[in-house]
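Colleague: The following file, work02.pdb, comprises PDB, C-alpha atoms:
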```
ATOM      1  CA  MET A   1      -9.566 152.433  13.647
ATOM      2  CA  GLU A   2      -6.272 154.014  12.585
ATOM      3  CA  TYR A   3      -5.984 157.386  14.326
ATOM      4  CA  ARG A   4      -4.022 160.309  12.912
ATOM      5  CA  THR A   5      -2.189 163.224  14.501
ATOM      6  CA  LEU A   6      -4.082 166.503  14.211
ATOM      7  CA  GLY A   7      -1.509 168.525  12.320
ATOM      8  CA  ARG A   8       0.687 170.584  14.640
ATOM      9  CA  ALA A   9      -1.149 169.196  17.668
ATOM     10  CA  GLY A  10      -0.327 165.957  19.419
ATOM     11  CA  ALA A  11      -3.966 164.891  19.723
ATOM     12  CA  LYS A  12      -5.089 161.835  17.750
ATOM     13  CA  VAL A  13      -8.266 161.915  15.680
ATOM     14  CA  SER A  14     -10.182 159.369  13.631
ATOM     15  CA  PRO A  15      -9.872 159.507   9.819
ATOM     16  CA  LEU A  16     -13.583 160.267   9.649
ATOM     17  CA  CYS A  17     -14.898 163.331  11.458
ATOM     18  CA  LEU A  18     -18.616 163.403  12.254
ATOM     19  CA  GLY A  19     -20.095 166.549  10.729
ATOM     20  CA  THR A  20     -23.256 167.737  12.447
ATOM     21  CA  MET A  21     -24.728 170.409  10.189
ATOM     22  CA  MET A  22     -27.942 168.395   9.920
ATOM     23  CA  PHE A  23     -28.341 167.805  13.666
ATOM     24  CA  GLY A  24     -31.061 169.743  15.430
ATOM     25  CA  GLY A  25     -32.506 170.604  12.022
ATOM     26  CA  PRO A  26     -33.268 168.136   9.216
ATOM     27  CA  THR A  27     -32.165 165.393  11.637
ATOM     28  CA  ASN A  28     -34.179 165.599  14.849
ATOM     29  CA  GLU A  29     -32.620 165.489  18.301
ATOM     30  CA  LYS A  30     -33.370 161.846  19.013
ATOM     31  CA  ASP A  31     -31.919 160.594  15.728
ATOM     32  CA  SER A  32     -28.948 162.949  16.017
ATOM     33  CA  ILE A  33     -28.027 161.545  19.425
ATOM     34  CA  ARG A  34     -28.356 157.981  18.120
ATOM     35  CA  ILE A  35     -25.992 158.781  15.245
ATOM     36  CA  ILE A  36     -23.459 160.377  17.610
ATOM     37  CA  HIS A  37     -23.472 157.342  19.894
ATOM     38  CA  ARG A  38     -23.124 154.938  16.953
ATOM     39  CA  ALA A  39     -20.205 156.940  15.572
ATOM     40  CA  LEU A  40     -18.383 156.706  18.898
ATOM     41  CA  ASP A  41     -19.028 152.978  19.058
ATOM     42  CA  ALA A  42     -17.491 152.677  15.577
ATOM     43  CA  GLY A  43     -14.315 154.430  16.734
ATOM     44  CA  ILE A  44     -14.985 157.986  15.535
ATOM     45  CA  ASN A  45     -13.699 160.407  18.173
ATOM     46  CA  PHE A  46     -13.731 163.650  16.158
ATOM     47  CA  MET A  47     -16.875 165.765  15.735
ATOM     48  CA  ASP A  48     -17.393 169.043  13.869
ATOM     49  CA  THR A  49     -20.060 171.698  14.320
ATOM     50  CA  ALA A  50     -20.444 175.493  14.231
ATOM     51  CA  ASN A  51     -22.370 177.986  16.288
ATOM     52  CA  VAL A  52     -24.521 178.897  13.262
ATOM     53  CA  TYR A  53     -25.622 175.335  12.445
ATOM     54  CA  ASN A  54     -29.394 175.390  12.932
ATOM     55  CA  ASP A  55     -29.095 178.518  15.072
ATOM     56  CA  GLY A  56     -27.080 176.733  17.741
ATOM     57  CA  GLU A  57     -29.255 173.619  17.921
ATOM     58  CA  SER A  58     -26.449 171.434  16.570
ATOM     59  CA  GLU A  59     -24.228 172.418  19.503
ATOM     60  CA  ARG A  60     -27.055 171.850  21.996
ATOM     61  CA  VAL A  61     -27.768 168.363  20.653
ATOM     62  CA  ILE A  62     -24.070 167.481  20.810
ATOM     63  CA  GLY A  63     -23.911 168.658  24.398
ATOM     64  CA  LYS A  64     -26.726 166.298  25.374
ATOM     65  CA  ALA A  65     -25.242 163.381  23.431
ATOM     66  CA  VAL A  66     -21.711 163.555  24.851
ATOM     67  CA  LYS A  67     -22.517 164.568  28.422
ATOM     68  CA  SER A  68     -21.448 161.257  29.977
ATOM     69  CA  GLU A  69     -18.451 160.654  27.667
ATOM     70  CA  ARG A  70     -17.142 164.133  26.935
ATOM     71  CA  GLU A  71     -13.485 163.172  27.438
ATOM     72  CA  ARG A  72     -13.655 160.628  24.595
ATOM     73  CA  TRP A  73     -14.464 163.266  21.997
ATOM     74  CA  ILE A  74     -12.402 165.865  20.143
ATOM     75  CA  ILE A  75     -15.093 168.477  19.467
ATOM     76  CA  ALA A  76     -14.587 171.290  16.980
ATOM     77  CA  THR A  77     -16.825 174.292  16.539
ATOM     78  CA  LYS A  78     -16.553 177.617  14.749
ATOM     79  CA  VAL A  79     -17.065 181.344  15.064
ATOM     80  CA  HIS A  80     -17.834 184.053  12.509
ATOM     81  CA  GLY A  81     -21.402 183.730  11.215
ATOM     82  CA  SER A  82     -24.187 185.924  12.523
ATOM     83  CA  MET A  83     -25.890 184.746  15.722
ATOM     84  CA  GLY A  84     -28.198 187.703  16.231
ATOM     85  CA  GLU A  85     -29.285 191.115  15.035
ATOM     86  CA  ASP A  86     -26.670 193.068  16.937
ATOM     87  CA  VAL A  87     -23.937 194.485  14.734
ATOM     88  CA  ASN A  88     -21.213 192.772  16.782
ATOM     89  CA  GLN A  89     -22.767 189.284  16.820
ATOM     90  CA  SER A  90     -20.809 188.203  13.755
ATOM     91  CA  GLY A  91     -17.265 188.369  12.460
ATOM     92  CA  SER A  92     -13.846 187.344  13.764
ATOM     93  CA  HIS A  93     -13.139 190.383  15.929
ATOM     94  CA  ARG A  94     -12.388 190.224  19.638
ATOM     95  CA  VAL A  95     -15.872 191.255  20.776
ATOM     96  CA  ASN A  96     -17.577 188.450  18.886
ATOM     97  CA  ILE A  97     -14.953 185.776  19.559
ATOM     98  CA  MET A  98     -14.985 186.329  23.318
ATOM     99  CA  SER A  99     -18.791 186.271  23.562
ATOM    100  CA  ALA A 100     -19.281 183.504  20.977
ATOM    101  CA  VAL A 101     -16.923 181.097  22.731
ATOM    102  CA  GLU A 102     -18.895 181.519  25.970
ATOM    103  CA  ALA A 103     -22.180 180.884  24.145
ATOM    104  CA  SER A 104     -20.806 177.760  22.436
ATOM    105  CA  LEU A 105     -19.479 176.417  25.744
ATOM    106  CA  GLN A 106     -22.904 176.892  27.282
ATOM    107  CA  ARG A 107     -24.744 175.194  24.417
ATOM    108  CA  LEU A 108     -22.251 172.323  24.353
ATOM    109  CA  GLY A 109     -22.481 171.938  28.122
ATOM    110  CA  THR A 110     -18.714 171.717  28.441
ATOM    111  CA  ASP A 111     -15.828 173.611  30.023
ATOM    112  CA  TYR A 112     -13.630 173.525  26.930
ATOM    113  CA  ILE A 113     -13.670 173.353  23.137
ATOM    114  CA  ASP A 114     -11.025 171.096  21.649
ATOM    115  CA  VAL A 115     -10.668 172.844  18.272
ATOM    116  CA  TYR A 116     -11.998 176.361  17.654
ATOM    117  CA  TYR A 117     -12.123 177.478  14.023
ATOM    118  CA  LEU A 118     -12.419 180.869  12.446
ATOM    119  CA  HIS A 119     -15.238 179.850  10.089
ATOM    120  CA  ARG A 120     -14.082 182.141   7.315
ATOM    121  CA  TRP A 121     -11.820 185.091   6.622
ATOM    122  CA  ASP A 122     -12.980 188.424   8.030
ATOM    123  CA  ALA A 123     -11.855 191.191   5.708
ATOM    124  CA  SER A 124     -12.827 193.885   8.226
ATOM    125  CA  THR A 125     -10.677 192.516  11.077
ATOM    126  CA  ARG A 126      -6.892 192.280  11.206
ATOM    127  CA  ILE A 127      -5.775 188.689  11.650
ATOM    128  CA  ALA A 128      -3.639 189.783  14.608
ATOM    129  CA  GLU A 129      -6.784 190.822  16.498
ATOM    130  CA  SER A 130      -8.450 187.477  15.832
ATOM    131  CA  LEU A 131      -5.357 185.542  16.852
ATOM    132  CA  ARG A 132      -4.868 187.522  20.078
ATOM    133  CA  ALA A 133      -8.466 186.808  21.070
ATOM    134  CA  LEU A 134      -8.085 183.107  20.253
ATOM    135  CA  ASP A 135      -4.802 183.014  22.167
ATOM    136  CA  ASP A 136      -6.580 184.456  25.205
ATOM    137  CA  CYS A 137      -9.245 181.735  24.925
ATOM    138  CA  VAL A 138      -6.508 179.093  24.994
ATOM    139  CA  ARG A 139      -4.739 180.686  27.957
ATOM    140  CA  GLN A 140      -8.050 180.816  29.834
ATOM    141  CA  GLY A 141      -8.529 177.074  29.269
ATOM    142  CA  LYS A 142     -11.675 177.519  27.205
ATOM    143  CA  VAL A 143     -10.073 176.363  23.937
ATOM    144  CA  ARG A 144      -7.357 173.759  23.419
ATOM    145  CA  TYR A 145      -6.403 174.294  19.761
ATOM    146  CA  ILE A 146      -7.200 176.941  17.171
ATOM    147  CA  ALA A 147      -7.798 176.486  13.458
ATOM    148  CA  CYS A 148      -9.290 178.100  10.361
ATOM    149  CA  SER A 149     -11.843 177.171   7.727
ATOM    150  CA  ASN A 150     -12.193 178.399   4.144
ATOM    151  CA  PHE A 151      -8.831 180.235   4.218
ATOM    152  CA  GLU A 152      -6.717 180.393   1.071
ATOM    153  CA  ALA A 153      -3.111 179.239   1.409
ATOM    154  CA  TRP A 154      -1.709 182.763   1.554
ATOM    155  CA  ARG A 155      -4.105 183.682   4.354
ATOM    156  CA  VAL A 156      -3.044 180.625   6.379
ATOM    157  CA  CYS A 157       0.560 181.653   5.779
ATOM    158  CA  GLU A 158      -0.118 185.192   6.986
ATOM    159  CA  ALA A 159      -1.799 183.839  10.109
ATOM    160  CA  LEU A 160       1.089 181.491  10.945
ATOM    161  CA  TRP A 161       3.607 184.273  10.329
ATOM    162  CA  THR A 162       1.626 186.627  12.570
ATOM    163  CA  SER A 163       1.395 184.050  15.359
ATOM    164  CA  GLU A 164       5.125 183.403  15.222
ATOM    165  CA  LYS A 165       5.948 187.099  15.193
ATOM    166  CA  LEU A 166       3.675 187.914  18.147
ATOM    167  CA  GLY A 167       4.219 184.712  20.127
ATOM    168  CA  LEU A 168       0.590 183.592  19.837
ATOM    169  CA  GLU A 169      -1.100 180.207  19.437
ATOM    170  CA  GLU A 170      -0.844 178.858  15.891
ATOM    171  CA  PHE A 171      -3.478 177.197  13.735
ATOM    172  CA  VAL A 172      -3.114 173.428  14.006
ATOM    173  CA  CYS A 173      -5.375 172.585  11.066
ATOM    174  CA  VAL A 174      -7.404 173.994   8.207
ATOM    175  CA  GLN A 175     -10.816 173.040   6.863
ATOM    176  CA  PRO A 176     -11.161 173.391   3.074
ATOM    177  CA  LEU A 177     -13.595 172.083   0.491
ATOM    178  CA  TYR A 178     -12.082 168.970  -1.130
ATOM    179  CA  ASN A 179     -13.523 166.100  -3.152
ATOM    180  CA  ILE A 180     -13.155 164.300  -6.477
ATOM    181  CA  VAL A 181     -15.092 166.938  -8.427
ATOM    182  CA  ASN A 182     -13.288 169.860  -6.781
ATOM    183  CA  ARG A 183      -9.553 169.373  -6.356
ATOM    184  CA  ASP A 184      -8.604 173.063  -6.214
ATOM    185  CA  ALA A 185      -7.003 172.644  -2.770
ATOM    186  CA  GLU A 186      -4.271 170.498  -4.333
ATOM    187  CA  VAL A 187      -2.735 173.477  -6.143
ATOM    188  CA  GLU A 188      -1.422 175.486  -3.177
ATOM    189  CA  LEU A 189      -3.207 174.787   0.091
ATOM    190  CA  LEU A 190      -2.371 171.095   0.555
ATOM    191  CA  PRO A 191       1.336 171.438  -0.376
ATOM    192  CA  PHE A 192       1.581 174.421   1.974
ATOM    193  CA  CYS A 193       0.032 172.416   4.813
ATOM    194  CA  GLU A 194       2.420 169.521   4.214
ATOM    195  CA  LYS A 195       5.421 171.846   4.311
ATOM    196  CA  HIS A 196       4.373 173.565   7.536
ATOM    197  CA  GLY A 197       2.813 170.630   9.399
ATOM    198  CA  VAL A 198      -0.756 171.921   9.299
ATOM    199  CA  GLY A 199      -3.529 169.317   9.476
ATOM    200  CA  VAL A 200      -6.179 169.199   6.753
ATOM    201  CA  VAL A 201      -9.778 168.356   7.658
ATOM    202  CA  PRO A 202     -11.800 168.760   4.440
ATOM    203  CA  TYR A 203     -15.528 169.241   4.339
ATOM    204  CA  SER A 204     -17.957 168.090   1.645
ATOM    205  CA  PRO A 205     -15.942 165.017   0.556
ATOM    206  CA  LEU A 206     -19.113 163.856  -1.248
ATOM    207  CA  ALA A 207     -19.705 167.232  -2.926
ATOM    208  CA  ARG A 208     -22.823 167.751  -0.804
ATOM    209  CA  GLY A 209     -24.269 164.456  -1.995
ATOM    210  CA  VAL A 210     -23.432 164.687  -5.689
ATOM    211  CA  LEU A 211     -20.890 161.867  -5.333
ATOM    212  CA  SER A 212     -23.581 159.550  -4.067
ATOM    213  CA  GLY A 213     -24.705 159.351  -7.696
ATOM    214  CA  LYS A 214     -28.259 160.341  -6.775
ATOM    215  CA  TYR A 215     -28.384 163.190  -9.297
ATOM    216  CA  ALA A 216     -28.587 162.771 -13.068
ATOM    217  CA  VAL A 217     -28.470 165.199 -15.978
ATOM    218  CA  GLY A 218     -31.949 166.345 -16.978
ATOM    219  CA  GLN A 219     -33.726 164.667 -14.074
ATOM    220  CA  GLU A 220     -35.457 166.144 -11.047
ATOM    221  CA  PRO A 221     -33.508 165.626  -7.784
ATOM    222  CA  PRO A 222     -34.795 162.726  -5.691
ATOM    223  CA  LYS A 223     -37.256 163.501  -2.920
ATOM    224  CA  GLY A 224     -35.559 164.286   0.379
ATOM    225  CA  SER A 225     -32.193 165.182  -1.180
ATOM    226  CA  ARG A 226     -30.485 168.472  -0.399
ATOM    227  CA  ALA A 227     -31.242 169.740  -3.892
ATOM    228  CA  ALA A 228     -34.922 168.828  -3.548
ATOM    229  CA  ARG A 229     -35.010 170.675  -0.208
ATOM    230  CA  LYS A 230     -33.550 173.721  -1.987
ATOM    231  CA  ASP A 231     -30.530 173.725   0.313
ATOM    232  CA  ARG A 232     -28.808 177.033  -0.377
ATOM    233  CA  ARG A 233     -25.216 175.793  -0.421
ATOM    234  CA  ILE A 234     -25.733 172.889  -2.817
ATOM    235  CA  LEU A 235     -27.689 175.176  -5.138
ATOM    236  CA  GLN A 236     -24.836 177.689  -5.089
ATOM    237  CA  THR A 237     -21.960 175.298  -5.573
ATOM    238  CA  GLU A 238     -22.473 171.698  -6.618
ATOM    239  CA  LEU A 239     -25.314 171.252  -9.103
ATOM    240  CA  ARG A 240     -23.244 170.932 -12.276
ATOM    241  CA  ASP A 241     -24.000 168.495 -15.074
ATOM    242  CA  GLU A 242     -20.301 167.749 -15.400
ATOM    243  CA  SER A 243     -20.199 166.543 -11.778
ATOM    244  CA  TYR A 244     -23.234 164.323 -12.317
ATOM    245  CA  GLU A 245     -21.481 162.727 -15.270
ATOM    246  CA  VAL A 246     -18.265 162.127 -13.326
ATOM    247  CA  ALA A 247     -20.240 160.488 -10.524
ATOM    248  CA  GLN A 248     -21.758 157.998 -12.950
ATOM    249  CA  GLN A 249     -18.357 157.291 -14.535
ATOM    250  CA  LEU A 250     -16.964 156.439 -11.092
ATOM    251  CA  ARG A 251     -19.476 153.652 -10.520
ATOM    252  CA  PRO A 252     -17.423 150.887 -12.180
ATOM    253  CA  LEU A 253     -14.466 151.760  -9.950
ATOM    254  CA  ALA A 254     -16.614 151.479  -6.828
ATOM    255  CA  ASP A 255     -18.234 148.274  -8.075
ATOM    256  CA  ALA A 256     -14.815 146.685  -8.588
ATOM    257  CA  HIS A 257     -14.188 147.089  -4.850
ATOM    258  CA  GLY A 258     -17.673 145.927  -3.899
ATOM    259  CA  LYS A 259     -18.302 149.395  -2.492
ATOM    260  CA  THR A 260     -20.933 152.053  -2.905
ATOM    261  CA  LEU A 261     -20.056 155.202  -4.809
ATOM    262  CA  THR A 262     -20.041 157.234  -1.598
ATOM    263  CA  GLN A 263     -17.629 154.795   0.036
ATOM    264  CA  PHE A 264     -15.282 154.974  -2.944
ATOM    265  CA  ALA A 265     -15.391 158.790  -2.998
ATOM    266  CA  LEU A 266     -14.600 158.983   0.726
ATOM    267  CA  ALA A 267     -11.823 156.414   0.374
ATOM    268  CA  TRP A 268     -10.320 158.533  -2.406
ATOM    269  CA  VAL A 269     -10.120 161.568  -0.105
ATOM    270  CA  LEU A 270      -8.584 159.536   2.717
ATOM    271  CA  ALA A 271      -6.058 157.948   0.347
ATOM    272  CA  ASN A 272      -4.362 161.350   0.056
ATOM    273  CA  PRO A 273      -1.624 161.225   2.749
ATOM    274  CA  LEU A 274      -1.955 164.990   3.216
ATOM    275  CA  ILE A 275      -5.482 164.579   4.605
ATOM    276  CA  THR A 276      -5.917 164.241   8.368
ATOM    277  CA  SER A 277      -9.637 163.507   8.637
ATOM    278  CA  ALA A 278     -12.594 163.878   6.258
ATOM    279  CA  ILE A 279     -15.837 165.382   7.528
ATOM    280  CA  ILE A 280     -18.894 163.263   6.787
ATOM    281  CA  GLY A 281     -22.355 164.770   7.243
ATOM    282  CA  PRO A 282     -24.887 161.963   7.660
ATOM    283  CA  ARG A 283     -28.527 162.979   7.871
ATOM    284  CA  THR A 284     -29.649 159.432   8.733
ATOM    285  CA  MET A 285     -28.253 156.382  10.473
ATOM    286  CA  GLU A 286     -28.253 154.563   7.142
ATOM    287  CA  GLN A 287     -25.965 157.223   5.669
ATOM    288  CA  LEU A 288     -23.581 156.906   8.616
ATOM    289  CA  GLU A 289     -23.420 153.120   8.244
ATOM    290  CA  ASP A 290     -22.701 153.518   4.539
ATOM    291  CA  ASN A 291     -19.970 156.087   5.174
ATOM    292  CA  LEU A 292     -18.220 153.824   7.677
ATOM    293  CA  GLY A 293     -17.775 151.294   4.875
ATOM    294  CA  CYS A 294     -15.101 153.484   3.280
ATOM    295  CA  LEU A 295     -12.565 152.600   5.958
ATOM    296  CA  ASP A 296     -11.659 149.198   4.494
ATOM    297  CA  CYS A 297     -11.557 150.372   0.875
ATOM    298  CA  THR A 298      -7.981 150.563  -0.443
ATOM    299  CA  LEU A 299      -7.525 152.368  -3.734
ATOM    300  CA  THR A 300      -5.079 151.072  -6.333
ATOM    301  CA  VAL A 301      -2.722 152.922  -8.634
ATOM    302  CA  SER A 302      -5.141 152.270 -11.483
ATOM    303  CA  ASP A 303      -8.003 153.733  -9.426
ATOM    304  CA  GLU A 304      -6.011 156.916  -8.889
ATOM    305  CA  ALA A 305      -5.174 157.139 -12.586
ATOM    306  CA  ALA A 306      -8.804 156.630 -13.554
ATOM    307  CA  VAL A 307      -9.943 159.446 -11.258
ATOM    308  CA  ASP A 308      -7.184 161.707 -12.608
ATOM    309  CA  GLY A 309      -8.496 160.991 -16.088
ATOM    310  CA  LEU A 310     -11.924 162.286 -15.113
ATOM    311  CA  VAL A 311     -10.823 165.283 -13.012
ATOM    312  CA  PRO A 312      -7.112 166.095 -13.303
ATOM    313  CA  PRO A 313      -5.121 166.999 -10.180
ATOM    314  CA  GLY A 314      -5.808 170.529  -9.005
ATOM    315  CA  GLU A 315      -8.889 170.973 -11.189
ATOM    316  CA  HIS A 316     -12.666 170.862 -10.855
ATOM    317  CA  THR A 317     -15.562 169.875 -13.059
ATOM    318  CA  GLY A 318     -17.334 172.425 -15.183
ATOM    319  CA  LYS A 319     -16.134 175.741 -16.515
ATOM    320  CA  GLY A 320     -15.545 178.741 -14.327
ATOM    321  CA  TYR A 321     -16.658 177.087 -11.084
ATOM    322  CA  ASN A 322     -16.732 179.554  -8.228
ATOM    323  CA  ASP A 323     -18.327 179.392  -4.803
ATOM    324  CA  VAL A 324     -20.371 182.564  -4.378
ATOM    325  CA  ALA A 325     -19.705 182.515  -0.622
ATOM    326  CA  TYR A 326     -15.944 182.563  -1.298
ATOM    327  CA  PRO A 327     -15.506 184.417  -4.597
ATOM    328  CA  VAL A 328     -12.306 184.696  -6.594
ATOM    329  CA  LEU A 329     -10.697 187.997  -5.610
ATOM    330  CA  GLY A 330      -7.768 188.174  -8.003
ATOM    331  CA  ARG A 331      -9.219 190.713 -10.374
ATOM    332  CA  ALA A 332     -10.584 193.856  -8.776
ATOM    333  CA  THR A 333     -13.113 195.944 -10.706
ATOM    334  CA  ARG A 334     -13.162 199.717 -10.471
ATOM    335  CA  GLY A 335     -16.182 201.793 -11.343
TER     336      GLY A 335
END
```
Let's see the structure in the file written out as structure tokens.
Modeller:
Amino acid sequence: MEYRTLGRAGAKVSPLCLGTMMFGGPTNEKDSIRIIHRALDAGINFMDTANVYNDGESERVIGKAVKSERERWIIATKVHGSMGEDVNQSGSHRVNIMSAVEASLQRLGTDYIDVYYLHRWDASTRIAESLRALDDCVRQGKVRYIACSNFEAWRVCEALWTSEKLGLEEFVCVQPLYNIVNRDAEVELLPFCEKHGVGVVPYSPLARGVLSGKYAVGQEPPKGSRAARKDRRILQTELRDESYEVAQQLRPLADAHGKTLTQFALAWVLANPLITSAIIGPRTMEQLEDNLGCLDCTLTVSDEAAVDGLVPPGEHTGKGYNDVAYPVLGRATRG
């Protein structure tokens, strides 16, 4: 396994990061623990979760799985989403951050969190307040590195500027959406991260399963798939005919390498030198084993050109794509 430096941090992480959104939910505890142990055996030392994943069950399962080998893992979790009915049990303000980090530590059964992300931007909280709270968590030894997820480039810039100005901990990495059918991050975010030494740990490198090729225009989604389960996020973001078509057009490229479509799509993400580690989200052991096969797939110049011909750099499939959870804010409407 070729390990990579985590952006501004000195820690080394595997090129694949084990995403655990399914653990403690669609993937039961026993199978989740088996997958975690297999990933470690394969050389993966980086794992990603969030306090909101399956109402905290993902963190609890991880805590059980890593109890005897905690020091071998770089574990990332996140704060922002609602974890209760109380008005202050969500957001990136000091009250929630300080209580949420304690709750995550308890569920994970650990004394420290390696990477603590702000899960998304909080428009109601000044970034300085969030950063001061995160800085306190680091100084208390509860968090080792801080990071952000779903931040636009200008928001990452504001956060780094604020940290420098106030002498606070700085984000070491970002976590954006990035895959063959959505290359928006290439326009500003990835060049910004390269310039300022920020690591990039993209999620959904398989477009929530679309780049497995399992979906086809005009056909019902296969039984057991995220679309068939009416998973909210895939319904909101990825079910586009244009993406289905691109997935099928990629098959000859994968076949030429003797790889599955998922392995080719993951290899494409990792072939970008600006990427630190790609988050995979296996629901089954079979999916994990398949994903691991991307590590010995080397893309050629002609592969890159072929992908660019299907989805040009900095673009995405379809017309007017927009994630409803992270809407475009550049044109305000006034009633």
Colleague: Apply the PyMOL selection byres ((chain A and resi 78) around 10) to the structure shown and report the selected residues as a list of chain:residue names.
Modeller: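 Output of the PyMOL selection byres ((chain A and resi 78) around 10): A:Asp48, A:Thr49, A:Ala50, A:Asn51, A:Val52, A:Tyr53, A:Ala76, A:Thr77, A:Val79, A:His80, A:Gly81, A:Ile97, A:Ala100, A:Val101, A:Ser104, A:Ile113, A:Val115, A:Tyr116, A:Tyr117, A:Leu118, A:His119, A:Arg120, A:Ile146, A:Ala147, A:Cys148, A:Ser149.
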Colleague: Let me know the residues the PyMOL selection byres ((chain A and resi 288-290) around 10) catches in the file above, as a list of chain:residue names.
Modeller: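 When the PyMOL selection byres ((chain A and resi 288-290) around 10) is applied, the selected residues are A:Leu18, A:Ile35, A:Ile36, A:Arg38, A:Ala39, A:Ala42, A:Lys259, A:Thr260, A:Leu261, A:Thr262, A:Gln263, A:Ile280, A:Gly281, A:Pro282, A:Arg283, A:Thr284, A:Met285, A:Glu286, A:Gln287, A:Asn291, A:Leu292, A:Gly293, A:Cys294.
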Colleague: How would you write, as a short mmCIF file (atom, residue, chain, number, x, y, z; two decimals) with C-alpha atoms, keeping the file's coordinate frame, the residues chosen by the PyMOL selection byres ((chain A and resi 217) around 9) on this structure?
Modeller:
```
data_model
loop_
_atom_site.label_atom_id
_atom_site.label_comp_id
_atom_site.auth_asym_id
_atom_site.auth_seq_id
_atom_site.Cartn_x
_atom_site.Cartn_y
_atom_site.Cartn_z
CA TYR A 215 -28.38 163.19 -9.30
CA ALA A 216 -28.59 162.77 -13.07
CA GLY A 218 -31.95 166.34 -16.98
CA GLN A 219 -33.73 164.67 -14.07
CA GLU A 220 -35.46 166.14 -11.05
CA ARG A 240 -23.24 170.93 -12.28
CA ASP A 241 -24.00 168.50 -15.07
CA GLU A 242 -20.30 167.75 -15.40
CA TYR A 244 -23.23 164.32 -12.32
CA GLU A 245 -21.48 162.73 -15.27
#
```
Colleague: Would you kindly return, as a list of chain:residue names, each protein, DNA or RNA residue with an atom no farther than 9 Å from any atom of Ser277 (chain A), considering all atoms listed in the file and excluding same-chain residues fewer than 4 positions away?
Modeller: A:Arg4, A:Leu6, A:Val13, A:Ser14, A:Pro15, A:Leu16, A:Cys17, A:Phe46, A:Gly199, A:Val200, A:Val201, A:Pro202, A:Val269, A:Leu270
Colleague: Can you spit out the residues from that selection as an mmCIF file, in the frame of the given file, using C-alpha atoms?
Modeller:
```
data_model
loop_
_atom_site.group_PDB
_atom_site.id
_atom_site.type_symbol
_atom_site.label_atom_id
_atom_site.label_comp_id
_atom_site.auth_asym_id
_atom_site.auth_seq_id
_atom_site.Cartn_x
_atom_site.Cartn_y
_atom_site.Cartn_z
ATOM 1 C CA ARG A 4 -4.022 160.309 12.912
ATOM 2 C CA LEU A 6 -4.082 166.503 14.211
ATOM 3 C CA VAL A 13 -8.266 161.915 15.680
ATOM 4 C CA SER A 14 -10.182 159.369 13.631
ATOM 5 C CA PRO A 15 -9.872 159.507 9.819
ATOM 6 C CA LEU A 16 -13.583 160.267 9.649
ATOM 7 C CA CYS A 17 -14.898 163.331 11.458
ATOM 8 C CA PHE A 46 -13.731 163.650 16.158
ATOM 9 C CA GLY A 199 -3.529 169.317 9.476
ATOM 10 C CA VAL A 200 -6.179 169.199 6.753
ATOM 11 C CA VAL A 201 -9.778 168.356 7.658
ATOM 12 C CA PRO A 202 -11.800 168.760 4.440
ATOM 13 C CA VAL A 269 -10.120 161.568 -0.105
ATOM 14 C CA LEU A 270 -8.584 159.536 2.717
#
```
Colleague: Excluding Val156 (chain A) and its own-chain neighbours fewer than 3 positions away, which residues fall within 9 Å of it when counting only C-alpha atoms? Please give them as a list in words.
Modeller: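 In the requested form, the answer reads Cys148, Phe151, Glu152, Ala153, Ala159, Leu160, Trp161, Phe171, Val174, Leu189, Phe192 and Cys193 of chain A.
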Colleague: Using all atoms listed in the file, collect all residues at a distance of at most 6 Å from (-6.5, 171.2, -6.6) as written in the file, then present them as a PyMOL selection string.
Modeller: chain A and resi 183-187+313-315
Colleague: Check the smallest atom-to-atom distance from each of A:Gly167, A:Gly84, A:Gly10, A:Gly209 to Val181 (chain A) using only C-alpha atoms, then report the winner.
Modeller: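 Among the listed residues, the smallest separation from Val181 (chain A) belongs to A:Gly209.
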Colleague: For Ala65 (chain A), find every residue with an atom within 10 Å (counting all atoms listed in the file), except residues of its own chain fewer than 3 positions away, and show them as an MDAnalysis selection string.
Modeller: chainID A and resid 29:30 32:37 59:62 68:70 108
Colleague: For the selection you just gave me, I'd like the residues written to a file as a PDB file, in the frame of the given file, keeping C-alpha atoms.
Modeller:
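As a result, again.pdb now contains:
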```pdb
ATOM      1  CA  GLU A  29     -32.620 165.489  18.301  1.00  0.00           C
ATOM      2  CA  LYS A  30     -33.370 161.846  19.013  1.00  0.00           C
ATOM      3  CA  SER A  32     -28.948 162.949  16.017  1.00  0.00           C
ATOM      4  CA  ILE A  33     -28.027 161.545  19.425  1.00  0.00           C
ATOM      5  CA  ARG A  34     -28.356 157.981  18.120  1.00  0.00           C
ATOM      6  CA  ILE A  35     -25.992 158.781  15.245  1.00  0.00           C
ATOM      7  CA  ILE A  36     -23.459 160.377  17.610  1.00  0.00           C
ATOM      8  CA  HIS A  37     -23.472 157.342  19.894  1.00  0.00           C
ATOM      9  CA  GLU A  59     -24.228 172.418  19.503  1.00  0.00           C
ATOM     10  CA  ARG A  60     -27.055 171.850  21.996  1.00  0.00           C
ATOM     11  CA  VAL A  61     -27.768 168.363  20.653  1.00  0.00           C
ATOM     12  CA  ILE A  62     -24.070 167.481  20.810  1.00  0.00           C
ATOM     13  CA  SER A  68     -21.448 161.257  29.977  1.00  0.00           C
ATOM     14  CA  GLU A  69     -18.451 160.654  27.667  1.00  0.00           C
ATOM     15  CA  ARG A  70     -17.142 164.133  26.935  1.00  0.00           C
ATOM     16  CA  LEU A 108     -22.251 172.323  24.353  1.00  0.00           C
TER      17      LEU A 108
END
```
Colleague: For a test of reading the model, state the distance in Å between CA of Ser58 (chain A) and CA of Gly24 (chain A), rounded to one decimal.
Modeller: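 If I compute the distance from CA of Ser58 (chain A) to CA of Gly24 (chain A), I get 5.0 Å.
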Colleague: Please report the interatomic distance between CA of Asp114 (chain A) and CA of Pro191 (chain A) in Å with one decimal.
Modeller: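 It comes out at 25.3 Å.
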